[in-house]
Structures are given as C-alpha cells and as structure tokens.
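K.L.:
Sharing a structure with you now.
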Amino acid sequence: VENICYRSRILARQITFGRYPLDDPAAARCIVLWGHNPDGAKGMLGQTIRRRLAEGGLELVVVNPRRIPLAEKAYHLPIRPGTDAALGLAMLNVIINEDLYDKEFVEKYTIGFPQLVEHVQPYTPEWAQDITWLPAADIKAVSRIFAQTRPACIVQGINSLDQHKNGLQNSRVLSLLQAVTGNVGVPGGWVTVPRIPLANLSLKDREKPLGADDFPIFSALWGRQAPFGIATLFPQAALEGKPYPIRASIVTAANPVVSFPAARLFKDAFASLDFMVCIDPFLTETAELADVVLPAATFLEKGGLAYVYGVVHGEPYAMIHHKVIEPVGESWPDWKIWSELARRLGLGEYFPWRTEEEVVDALVQPGPLKEAITANPLGGYYGRKEYFADNPDRKLGTPSGKIELYSETLKGYGYDPLPVYQEPGQSPVATPQLHEKYPLILISGSRVQEFTHTQQRQVPALRNRVPEPLAEMHPSTAARYRLADGVMARIETRAGQMRMRVRTTEELAPGVVSVPHGWSQANVNLLVDMEVLDPITAYPDFKALLCRVEPA
C-alpha cells in the first residue's frame, strides 16, 4: 500500500510533465527550499548550498515556518503551515502580470497558458497576505527573484507538502512555477532522468489494488497501473470489510503502527486480522502484533543491486553491493524469504532464484548497464540527464505531448484542472469553533540526521545525541501556556493526546508547535485522524492540525 510518502508529488509532476522530473540544483542560480531543511534530511545538499553561497552568485529562498540554519543567508518566508498553494498562486500572479515568464518556453513546450493567466488573477499577493502570514511585499520580491534569476530550482520538502487535503495540487502549483519560468529541462532546474533498464518481473495477472475504483488517477494514470494500493483505506477494509474484507497481511520493512497517521486505528486494524506476518530485522511495535515474525537480514548481510531514483538529484547511477558478513542468526535476505514463500504457495515459477547472483541476473539483462556495474566495483552510470536543448522537438509523455499547465486529465475526472487554494481541514479559518478549543497549529515530521523515520533509536551512540523527542515552540507561545524549556507538556488534538518535553526556540513562528515523528513513546500519529483526505490521492490531511498545550 502507498499513499503516505511522496507519491502525491510524483503523480502531480507526471500529470503536468508526463514524467517525474527531479530537482537538479547544483547549477542553479536561485534555489527555493520549500518546506525543506537539508541539514535534517539531505546533508550533502546543505553542504552544496553553503559552498555555492560562499562562492557567490546564488540566491536562496526558504519557505518554512521554521527559520532553518540556511535561512540565515536566505530570503526567509515564515509561512502559515498548510497555505503553500496560496503563496504559489500569488507568485504565479506576479510572474504572469509583470511579464516575467519565459514566453518562448511557454509557447513552445506548454498548453493551457491562457487559462492559467485568467485563473490566477484573483490570487493577488494582497489576497495571499492575510492567508499565509506573509507581507505582500515579500511575496512580490520572492516572485521576482525566482523568475529573474535563472536557472532556478524549487527543492520540495520530503512529504511536507504532500500530506494535506490539497497535497496533489500543492505540488501542481510548484510544477507550474517551474514551467512558466522555463526552468524545466535545463541544468539547474528540474530535469528528467532515464529509468534504470531493469527486467519487468511483475506478475501479469493482478487484481486491482485497494482503492482503485474510488481514486482512479492515483491507481492508474493514463492506463499505467500502479502496483500498490491506498494505505489509508486499509483500516476500513480490515475493520469493516469495505470495499472488501482483508483478513491477513504481510508487513515488510515498515512500522505502520508508529509511522502511519491515525496510528491507533491502524493498530486496531492489524489486531483484528486472522493472520499477520511481519518481515523485519527488529521486533518493532508492528511486529509485536504479528502471529509470525520472519527475521530479515540487514543491508550488511546481503548483496544485490543498489540504485536510488528520485531522492538523489537525478543521478542515474547503479552498483552491485556485496554482503559484509553472513546473515546473523536465522535471518534471511528479503529475496530469499519471498522466494521460499512463493515456492510453498505453488508460485515458484515466478520466484525461481536460489542465489543473490541469480536475482541480479534476472533484473539486469546483458548490455551496457550489466557491463558497467560488473566491471567497476563502484558501479556506473546507466544514462544521462535529459535536457530540452538536446532534443528541442521532443514529445512529452502527457496526452498532448506538452507540459500541461491546464490538465484535461484532472478535469475529465471531475477535479480542478488548475490548482486552487483550499484551507487545511483544521485551521483558524476553516474550523473557527475547533480553533477556539485548539488555538495552536501543530506540524510534524521534522528530521534529524541521527534517525530515519522509526529506525536507529536503539543505537546507543545515536540515542545519546538525541535522547528524547522534544516539542518545539516559540518562547512567547510557551510562556502563554505556562511552559518553559525542559517542562513536560501535554499536547492534545481532537484525535488524542501525548506528553513531550518542551524546547523553546525563536526560530519557529509564534503559534506553531513542531514535534518530530518516529518515536513510539511519544507518537505524534496518535494525534492524527483521517477524517479529511485529498480527493485525488486519499492522502490524509495531517501536516497542519490544531492543538493545545499545557503543563503535564
């Protein structure tokens, strides 16, 4: 199942460009860190930006309610959480009305620009000012910087814009900003990268995944059948049998009881199953609910093909990695667990492999890639970034063959063909009565380099560096609610409550509470429900909630 990570961003870019272009900031003269803190999530990007700033010639913009370390050398927009689409639409208004867009690029490579021009007229910086907490003058200034300093690259945060009721359209807005300024298919903008040429080992006769009927674009854009279902529908299927009953589950390489929204609901759903298997190196909170736990080998105990697409700035690079030690205890590599299960279920013809080498040989057919990664232990490139200048008459993968600013695909399914602004499901504007009871805005998911999601907290050296989760808030916010540094606070939303120690910081906007994710003893996902979903992707609206705090 998948609609918790950044699939929404991928889908938005596919709808717009026909492919998933990646940010390529190394050569950019303007970088916009939109809901993104590289120091917590992508350390190498942070280093690159600092080097570029020291060399001169780089404009940096940070859109974030938190003044991240890089914001000290940037134009910082401390936006109200959940109002990113309002800012983006106002920027489009400025860029178009001040004639700052790339006319040649728009004419040659896009469709729907006249509709976009008309659409953005109401979205003035003055309109956005009251919504976003950002002065209209700052919105205009950043719009001009972005449009006039080329190449420019928006680097979007990991999930920070996806997990909203308007998550797909948030990403659509950023796509349109890149497109109308001509910052697509150029070094320093967004670029596409060839997919690694692997054999298709998918089973041919597959049932439609969970949610395919109710969320058709998410499940099968232009007939491209996605191989995964919609995670947020799993509890209903397990507990209520809707849209059909699920009575057994295999959970692999995940800890949804801690990492998924509405964590209590997911825990109840797993507990209700007739049979549950968990494949994991550790006895996680989710594994504790399983009937059978199959111990999986770590990356040091297995070999295989290594490549990452979509999170490494589009480097088309692959290598064969080799195990360092034999699997510990009774643990097996994932491929072996699945292959042995398949053989016992009578599906061995689809999983015939007996060794790691056989798995790699099945994925990588004889050819240049196989030769490159076999000859060089450090791996090799399997392609190059694709720039429009190399093929100026190229046809994109959209139905029109062009960048679709106005999406007939979305319109055909009854969705807005151009992005519109929607208030978060919980906000001072959308739910004023709820805001009276819960007057603060809760954001979650901030990252530190010591941990990845729910992992590594059992490593003493890392845990000593970050011994416990901290709820961060501005000193004025803390004082208003009788809190201070080191005080244990009770954080409550309409869905639940938890305790967490306070850390005050002037780097966070007043009225906002920021908590990390991934901690089982202080699980922010217990404070989240799934009452509000993105109508296109079924993503829950859980990155900007209302909360209240008090001494515990």
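By order in the structure tokens, chains are A, B, ...; within a chain, residues start at 1; ligands start at 1, following the order shown.
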Enumerate the residues of segment 277-386 of chain A with a DSSP assignment of alpha helix (DSSP H), computed from the backbone, and present them as a PyMOL selection string.

P.N.:
chain A and resi 334-344+356-363+368-375

K.L.:
Could you write those residues out with N, CA and C atoms, as a PDB file, in the first residue's frame?

P.N.:
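Wrote it out as selection19.pdb, contents follow:
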ATOM      1  N   ASP A 334      15.674 -10.542   2.042  1.00  0.00           N
ATOM      2  CA  ASP A 334      14.265 -10.421   1.650  1.00  0.00           C
ATOM      3  C   ASP A 334      13.931 -11.315   0.460  1.00  0.00           C
ATOM      4  N   TRP A 335      14.809 -11.299  -0.573  1.00  0.00           N
ATOM      5  CA  TRP A 335      14.509 -12.068  -1.781  1.00  0.00           C
ATOM      6  C   TRP A 335      14.345 -13.546  -1.454  1.00  0.00           C
ATOM      7  N   LYS A 336      15.108 -14.047  -0.501  1.00  0.00           N
ATOM      8  CA  LYS A 336      15.014 -15.458  -0.147  1.00  0.00           C
ATOM      9  C   LYS A 336      13.712 -15.757   0.589  1.00  0.00           C
ATOM     10  N   ILE A 337      13.316 -14.853   1.492  1.00  0.00           N
ATOM     11  CA  ILE A 337      12.049 -15.046   2.211  1.00  0.00           C
ATOM     12  C   ILE A 337      10.894 -15.123   1.227  1.00  0.00           C
ATOM     13  N   TRP A 338      10.830 -14.160   0.299  1.00  0.00           N
ATOM     14  CA  TRP A 338       9.725 -14.141  -0.662  1.00  0.00           C
ATOM     15  C   TRP A 338       9.791 -15.337  -1.604  1.00  0.00           C
ATOM     16  N   SER A 339      10.985 -15.714  -2.020  1.00  0.00           N
ATOM     17  CA  SER A 339      11.112 -16.856  -2.929  1.00  0.00           C
ATOM     18  C   SER A 339      10.660 -18.151  -2.260  1.00  0.00           C
ATOM     19  N   GLU A 340      11.056 -18.344  -1.015  1.00  0.00           N
ATOM     20  CA  GLU A 340      10.655 -19.565  -0.316  1.00  0.00           C
ATOM     21  C   GLU A 340       9.149 -19.580  -0.026  1.00  0.00           C
ATOM     22  N   LEU A 341       8.596 -18.445   0.307  1.00  0.00           N
ATOM     23  CA  LEU A 341       7.138 -18.374   0.487  1.00  0.00           C
ATOM     24  C   LEU A 341       6.427 -18.733  -0.808  1.00  0.00           C
ATOM     25  N   ALA A 342       6.916 -18.185  -1.924  1.00  0.00           N
ATOM     26  CA  ALA A 342       6.294 -18.449  -3.218  1.00  0.00           C
ATOM     27  C   ALA A 342       6.347 -19.934  -3.564  1.00  0.00           C
ATOM     28  N   ARG A 343       7.477 -20.564  -3.320  1.00  0.00           N
ATOM     29  CA  ARG A 343       7.589 -21.985  -3.627  1.00  0.00           C
ATOM     30  C   ARG A 343       6.593 -22.805  -2.815  1.00  0.00           C
ATOM     31  N   ARG A 344       6.394 -22.428  -1.569  1.00  0.00           N
ATOM     32  CA  ARG A 344       5.457 -23.175  -0.725  1.00  0.00           C
ATOM     33  C   ARG A 344       3.997 -22.890  -1.083  1.00  0.00           C
ATOM     34  N   GLU A 356      21.859 -14.722  -4.664  1.00  0.00           N
ATOM     35  CA  GLU A 356      21.807 -13.283  -4.940  1.00  0.00           C
ATOM     36  C   GLU A 356      22.196 -12.984  -6.379  1.00  0.00           C
ATOM     37  N   GLU A 357      23.166 -13.728  -6.894  1.00  0.00           N
ATOM     38  CA  GLU A 357      23.624 -13.504  -8.262  1.00  0.00           C
ATOM     39  C   GLU A 357      22.499 -13.774  -9.261  1.00  0.00           C
ATOM     40  N   GLU A 358      21.684 -14.773  -8.987  1.00  0.00           N
ATOM     41  CA  GLU A 358      20.568 -15.077  -9.877  1.00  0.00           C
ATOM     42  C   GLU A 358      19.533 -13.956  -9.864  1.00  0.00           C
ATOM     43  N   VAL A 359      19.321 -13.345  -8.702  1.00  0.00           N
ATOM     44  CA  VAL A 359      18.378 -12.224  -8.613  1.00  0.00           C
ATOM     45  C   VAL A 359      18.879 -11.050  -9.449  1.00  0.00           C
ATOM     46  N   VAL A 360      20.164 -10.708  -9.295  1.00  0.00           N
ATOM     47  CA  VAL A 360      20.731  -9.597 -10.066  1.00  0.00           C
ATOM     48  C   VAL A 360      20.681  -9.903 -11.557  1.00  0.00           C
ATOM     49  N   ASP A 361      21.001 -11.138 -11.942  1.00  0.00           N
ATOM     50  CA  ASP A 361      20.978 -11.507 -13.359  1.00  0.00           C
ATOM     51  C   ASP A 361      19.565 -11.412 -13.937  1.00  0.00           C
ATOM     52  N   ALA A 362      18.565 -11.722 -13.116  1.00  0.00           N
ATOM     53  CA  ALA A 362      17.190 -11.627 -13.596  1.00  0.00           C
ATOM     54  C   ALA A 362      16.769 -10.176 -13.810  1.00  0.00           C
ATOM     55  N   LEU A 363      17.239  -9.283 -12.935  1.00  0.00           N
ATOM     56  CA  LEU A 363      16.879  -7.870 -13.044  1.00  0.00           C
ATOM     57  C   LEU A 363      17.658  -7.161 -14.141  1.00  0.00           C
ATOM     58  N   PRO A 368      24.946  -2.753 -21.778  1.00  0.00           N
ATOM     59  CA  PRO A 368      25.878  -1.756 -21.240  1.00  0.00           C
ATOM     60  C   PRO A 368      25.808  -1.607 -19.726  1.00  0.00           C
ATOM     61  N   LEU A 369      24.595  -1.623 -19.156  1.00  0.00           N
ATOM     62  CA  LEU A 369      24.493  -1.477 -17.696  1.00  0.00           C
ATOM     63  C   LEU A 369      25.152  -2.654 -16.997  1.00  0.00           C
ATOM     64  N   LYS A 370      24.864  -3.848 -17.448  1.00  0.00           N
ATOM     65  CA  LYS A 370      25.440  -5.039 -16.824  1.00  0.00           C
ATOM     66  C   LYS A 370      26.964  -4.990 -16.909  1.00  0.00           C
ATOM     67  N   GLU A 371      27.476  -4.580 -18.062  1.00  0.00           N
ATOM     68  CA  GLU A 371      28.914  -4.500 -18.243  1.00  0.00           C
ATOM     69  C   GLU A 371      29.535  -3.449 -17.324  1.00  0.00           C
ATOM     70  N   ALA A 372      28.855  -2.297 -17.194  1.00  0.00           N
ATOM     71  CA  ALA A 372      29.411  -1.204 -16.396  1.00  0.00           C
ATOM     72  C   ALA A 372      29.489  -1.559 -14.918  1.00  0.00           C
ATOM     73  N   ILE A 373      28.411  -2.118 -14.373  1.00  0.00           N
ATOM     74  CA  ILE A 373      28.391  -2.385 -12.936  1.00  0.00           C
ATOM     75  C   ILE A 373      29.158  -3.651 -12.591  1.00  0.00           C
ATOM     76  N   THR A 374      29.389  -4.516 -13.578  1.00  0.00           N
ATOM     77  CA  THR A 374      30.183  -5.718 -13.325  1.00  0.00           C
ATOM     78  C   THR A 374      31.674  -5.398 -13.372  1.00  0.00           C
ATOM     79  N   ALA A 375      32.053  -4.527 -14.302  1.00  0.00           N
ATOM     80  CA  ALA A 375      33.473  -4.205 -14.476  1.00  0.00           C
ATOM     81  C   ALA A 375      34.013  -3.317 -13.371  1.00  0.00           C
TER      82      ALA A 375
END

K.L.:
Per residue of segment 273-298 of chain A within 8 Å of segment 241-259 of chain A, record the nearest atom pair and its distance in Å to one decimal, counting only C-alpha atoms, with rows in chain order and ascending residue number, as a tab-separated table.

P.N.:
residue	atom	partner	partner_atom	distance
A:Leu273	CA	A:Arg247	CA	4.9
A:Asp274	CA	A:Arg247	CA	5.4
A:Phe275	CA	A:Ala248	CA	4.8
A:Met276	CA	A:Ser249	CA	4.9
A:Val277	CA	A:Ile250	CA	4.7
A:Cys278	CA	A:Val251	CA	4.7
A:Ile279	CA	A:Thr252	CA	4.6
A:Asp280	CA	A:Ala253	CA	5.6
A:Thr284	CA	A:Asn255	CA	6.6
A:Glu285	CA	A:Val257	CA	6.5
A:Thr286	CA	A:Asn255	CA	5.4
A:Ala287	CA	A:Asn255	CA	7.7

K.L.:
Residues at most 7 Å from Phe542 of chain A, counting only C-alpha atoms, excluding those fewer than 6 positions away in the same chain, as a list in words?

P.N.:
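Here the answer would be Gln163, His164 and Val528 of chain A.
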
K.L.:
Could the residues in this selection be written to a file with N, CA and C atoms, as a PDB file, in the first residue's frame?

P.N.:
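As written to disk, out.pdb reads:
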ATOM      1  N   GLN A 163       1.249  15.710   2.417  1.00  0.00           N
ATOM      2  CA  GLN A 163       0.305  15.167   3.386  1.00  0.00           C
ATOM      3  C   GLN A 163      -0.702  16.230   3.837  1.00  0.00           C
ATOM      4  N   HIS A 164      -1.470  16.684   2.844  1.00  0.00           N
ATOM      5  CA  HIS A 164      -2.507  17.699   3.048  1.00  0.00           C
ATOM      6  C   HIS A 164      -3.744  17.323   2.234  1.00  0.00           C
ATOM      7  N   VAL A 528      -3.409  12.239  15.227  1.00  0.00           N
ATOM      8  CA  VAL A 528      -3.874  12.456  13.857  1.00  0.00           C
ATOM      9  C   VAL A 528      -5.067  11.558  13.566  1.00  0.00           C
TER      10      VAL A 528
END

K.L.:
Give me the residues near Val532 of chain A as a list in words, where near means some atom within 10 Å (using only C-alpha atoms) and where sequence neighbours in that chain fewer than 3 positions away do not count.

P.N.:
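Selected residues are His164, Lys165, Pro424, Gly425, Gln426, Asp529, Pro535, Ala538, Tyr539, Pro540, Asp541 and Phe542 of chain A.
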
K.L.:
Print the selection's residues with N, CA and C atoms to a file, as an mmCIF file, in the first residue's frame.

P.N.:
data_model
loop_
_atom_site.group_PDB
_atom_site.id
_atom_site.type_symbol
_atom_site.label_atom_id
_atom_site.label_comp_id
_atom_site.auth_asym_id
_atom_site.auth_seq_id
_atom_site.Cartn_x
_atom_site.Cartn_y
_atom_site.Cartn_z
ATOM 1 N N HIS A 164 -1.470 16.684 2.844
ATOM 2 C CA HIS A 164 -2.507 17.699 3.048
ATOM 3 C C HIS A 164 -3.744 17.323 2.234
ATOM 4 N N LYS A 165 -4.877 17.913 2.555
ATOM 5 C CA LYS A 165 -6.091 17.660 1.789
ATOM 6 C C LYS A 165 -5.976 18.167 0.361
ATOM 7 N N PRO A 424 -6.511 24.249 5.073
ATOM 8 C CA PRO A 424 -6.355 22.935 5.711
ATOM 9 C C PRO A 424 -7.660 22.484 6.352
ATOM 10 N N GLY A 425 -7.806 21.189 6.520
ATOM 11 C CA GLY A 425 -9.037 20.669 7.118
ATOM 12 C C GLY A 425 -9.284 21.187 8.509
ATOM 13 N N GLN A 426 -8.209 21.484 9.247
ATOM 14 C CA GLN A 426 -8.301 22.134 10.549
ATOM 15 C C GLN A 426 -7.494 23.429 10.474
ATOM 16 N N ASP A 529 -6.054 12.093 12.858
ATOM 17 C CA ASP A 529 -7.141 11.245 12.360
ATOM 18 C C ASP A 529 -7.115 11.274 10.830
ATOM 19 N N PRO A 535 -9.016 14.429 -2.189
ATOM 20 C CA PRO A 535 -9.978 13.673 -3.005
ATOM 21 C C PRO A 535 -9.339 12.944 -4.177
ATOM 22 N N ALA A 538 -6.290 10.387 -1.728
ATOM 23 C CA ALA A 538 -6.652 9.844 -0.412
ATOM 24 C C ALA A 538 -5.573 10.078 0.628
ATOM 25 N N TYR A 539 -4.667 11.030 0.365
ATOM 26 C CA TYR A 539 -3.692 11.396 1.393
ATOM 27 C C TYR A 539 -4.412 12.052 2.567
ATOM 28 N N PRO A 540 -4.055 11.688 3.796
ATOM 29 C CA PRO A 540 -4.666 12.353 4.950
ATOM 30 C C PRO A 540 -4.134 13.777 5.109
ATOM 31 N N ASP A 541 -4.929 14.588 5.724
ATOM 32 C CA ASP A 541 -4.563 15.982 5.988
ATOM 33 C C ASP A 541 -3.958 16.038 7.390
ATOM 34 N N PHE A 542 -2.641 15.761 7.501
ATOM 35 C CA PHE A 542 -2.076 15.693 8.852
ATOM 36 C C PHE A 542 -0.757 16.421 9.014
#

K.L.:
Which residues are close to Leu378 of chain A, i.e. within 12 Å by only C-alpha atoms, leaving aside same-chain residues fewer than 6 positions away? Reply as a compact mmCIF listing (two decimals) with N, CA and C atoms, in the first residue's frame.

P.N.:
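After the write, part11.txt holds the following:
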# COMPACT_ATOMS: atom_id res chain seq x y z
N LEU A 305 21.48 -5.40 -6.15
CA LEU A 305 21.58 -4.21 -6.99
C LEU A 305 21.23 -2.98 -6.17
N ALA A 306 22.05 -1.95 -6.22
CA ALA A 306 21.81 -0.72 -5.46
C ALA A 306 21.62 0.45 -6.42
N TYR A 307 20.49 1.09 -6.32
CA TYR A 307 20.24 2.33 -7.05
C TYR A 307 19.11 3.06 -6.35
N TYR A 317 22.65 6.36 -11.52
CA TYR A 317 23.84 5.61 -11.13
C TYR A 317 23.41 4.33 -10.42
N ALA A 318 24.13 3.25 -10.68
CA ALA A 318 23.81 1.97 -10.05
C ALA A 318 25.10 1.22 -9.75
N MET A 319 25.00 0.28 -8.82
CA MET A 319 26.16 -0.55 -8.49
C MET A 319 25.67 -1.86 -7.89
N ILE A 320 26.54 -2.84 -7.89
CA ILE A 320 26.26 -4.09 -7.19
C ILE A 320 26.95 -4.02 -5.83
N HIS A 321 26.17 -4.13 -4.77
CA HIS A 321 26.81 -4.14 -3.45
C HIS A 321 26.88 -5.57 -2.94
N HIS A 322 27.89 -5.84 -2.13
CA HIS A 322 28.15 -7.18 -1.66
C HIS A 322 28.02 -7.23 -0.14
N ALA A 372 28.85 -2.30 -17.19
CA ALA A 372 29.41 -1.20 -16.40
C ALA A 372 29.49 -1.56 -14.92

K.L.:
Would you list the contacts of Gln121 of chain A as an MDAnalysis selection string, taking every protein, DNA or RNA residue within 12 Å and counting only C-alpha atoms, but skipping same-chain residues closer than 5 positions in sequence?

P.N.:
chainID A and resid 89:98 114:116 126:127 420

K.L.:
Include N, CA and C atoms and write out the residues we just selected as a compact mmCIF listing (two decimals), in the first residue's frame.

P.N.:
# COMPACT_ATOMS: atom_id res chain seq x y z
N LEU A 89 0.23 30.37 -5.86
CA LEU A 89 -0.67 31.02 -6.80
C LEU A 89 -0.42 32.52 -6.87
N ALA A 90 -0.12 33.13 -5.74
CA ALA A 90 0.19 34.56 -5.73
C ALA A 90 1.49 34.84 -6.49
N MET A 91 2.46 33.93 -6.37
CA MET A 91 3.70 34.09 -7.13
C MET A 91 3.44 33.99 -8.63
N LEU A 92 2.58 33.06 -9.03
CA LEU A 92 2.21 32.96 -10.45
C LEU A 92 1.53 34.24 -10.91
N ASN A 93 0.70 34.83 -10.05
CA ASN A 93 0.03 36.09 -10.39
C ASN A 93 1.05 37.18 -10.69
N VAL A 94 2.06 37.30 -9.85
CA VAL A 94 3.08 38.32 -10.04
C VAL A 94 3.89 38.05 -11.30
N ILE A 95 4.34 36.82 -11.45
CA ILE A 95 5.21 36.47 -12.58
C ILE A 95 4.50 36.69 -13.91
N ILE A 96 3.23 36.33 -13.97
CA ILE A 96 2.48 36.50 -15.22
C ILE A 96 2.12 37.95 -15.46
N ASN A 97 1.60 38.62 -14.45
CA ASN A 97 1.13 40.00 -14.65
C ASN A 97 2.27 41.00 -14.82
N GLU A 98 3.44 40.67 -14.30
CA GLU A 98 4.60 41.55 -14.50
C GLU A 98 5.45 41.12 -15.70
N PRO A 114 -3.22 30.41 -21.58
CA PRO A 114 -4.30 31.42 -21.49
C PRO A 114 -5.26 31.13 -20.33
N GLN A 115 -5.60 29.87 -20.12
CA GLN A 115 -6.48 29.54 -18.98
C GLN A 115 -5.80 29.87 -17.66
N LEU A 116 -4.48 29.61 -17.58
CA LEU A 116 -3.74 29.91 -16.34
C LEU A 116 -3.71 31.41 -16.08
N GLU A 126 -1.82 40.56 -2.24
CA GLU A 126 -2.61 41.15 -1.16
C GLU A 126 -3.63 40.14 -0.63
N TRP A 127 -4.22 39.35 -1.53
CA TRP A 127 -5.12 38.28 -1.10
C TRP A 127 -4.36 37.24 -0.27
N VAL A 420 -6.20 25.18 -7.19
CA VAL A 420 -6.93 26.17 -6.41
C VAL A 420 -6.46 26.06 -4.97

K.L.:
Within 9 Å of Ile4 of chain A, counting only C-alpha atoms, which residues show up once you throw out same-chain ones fewer than 5 positions away? Write them as a list in words, please.

P.N.:
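Surrounding residues, per the criterion: Asn159, Asp162, Gln163, Ile230, Ala231, Thr232, Phe260, Pro261, Tyr539 and Pro540 of chain A.
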
K.L.:
Just the selected residues (N, CA and C atoms), exported as a compact mmCIF listing (two decimals), in the first residue's frame, please.

P.N.:
# COMPACT_ATOMS: atom_id res chain seq x y z
N ASN A 159 7.60 15.10 1.84
CA ASN A 159 6.25 14.93 2.42
C ASN A 159 5.64 16.19 3.01
N ASP A 162 2.95 17.14 0.67
CA ASP A 162 2.11 16.05 0.18
C ASP A 162 0.97 15.72 1.12
N GLN A 163 1.25 15.71 2.42
CA GLN A 163 0.31 15.17 3.39
C GLN A 163 -0.70 16.23 3.84
N ILE A 230 -3.96 1.81 -1.62
CA ILE A 230 -4.04 3.05 -0.85
C ILE A 230 -4.07 2.72 0.64
N ALA A 231 -3.01 3.09 1.31
CA ALA A 231 -2.81 2.68 2.70
C ALA A 231 -3.92 3.16 3.62
N THR A 232 -4.42 4.36 3.37
CA THR A 232 -5.41 4.93 4.29
C THR A 232 -6.75 4.18 4.26
N PHE A 260 2.36 5.57 10.55
CA PHE A 260 1.19 5.94 9.75
C PHE A 260 0.27 6.85 10.55
N PRO A 261 -0.49 7.72 9.86
CA PRO A 261 -1.46 8.57 10.56
C PRO A 261 -2.56 7.73 11.19
N TYR A 539 -4.67 11.03 0.37
CA TYR A 539 -3.69 11.40 1.39
C TYR A 539 -4.41 12.05 2.57
N PRO A 540 -4.05 11.69 3.80
CA PRO A 540 -4.67 12.35 4.95
C PRO A 540 -4.13 13.78 5.11

K.L.:
Just the number, please: distance in Å from atom CA of Glu330 of chain A to atom CA of Ser520 of chain A, one decimal.

P.N.:
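Going from atom CA of Glu330 of chain A over to atom CA of Ser520 of chain A covers 26.2 Å.
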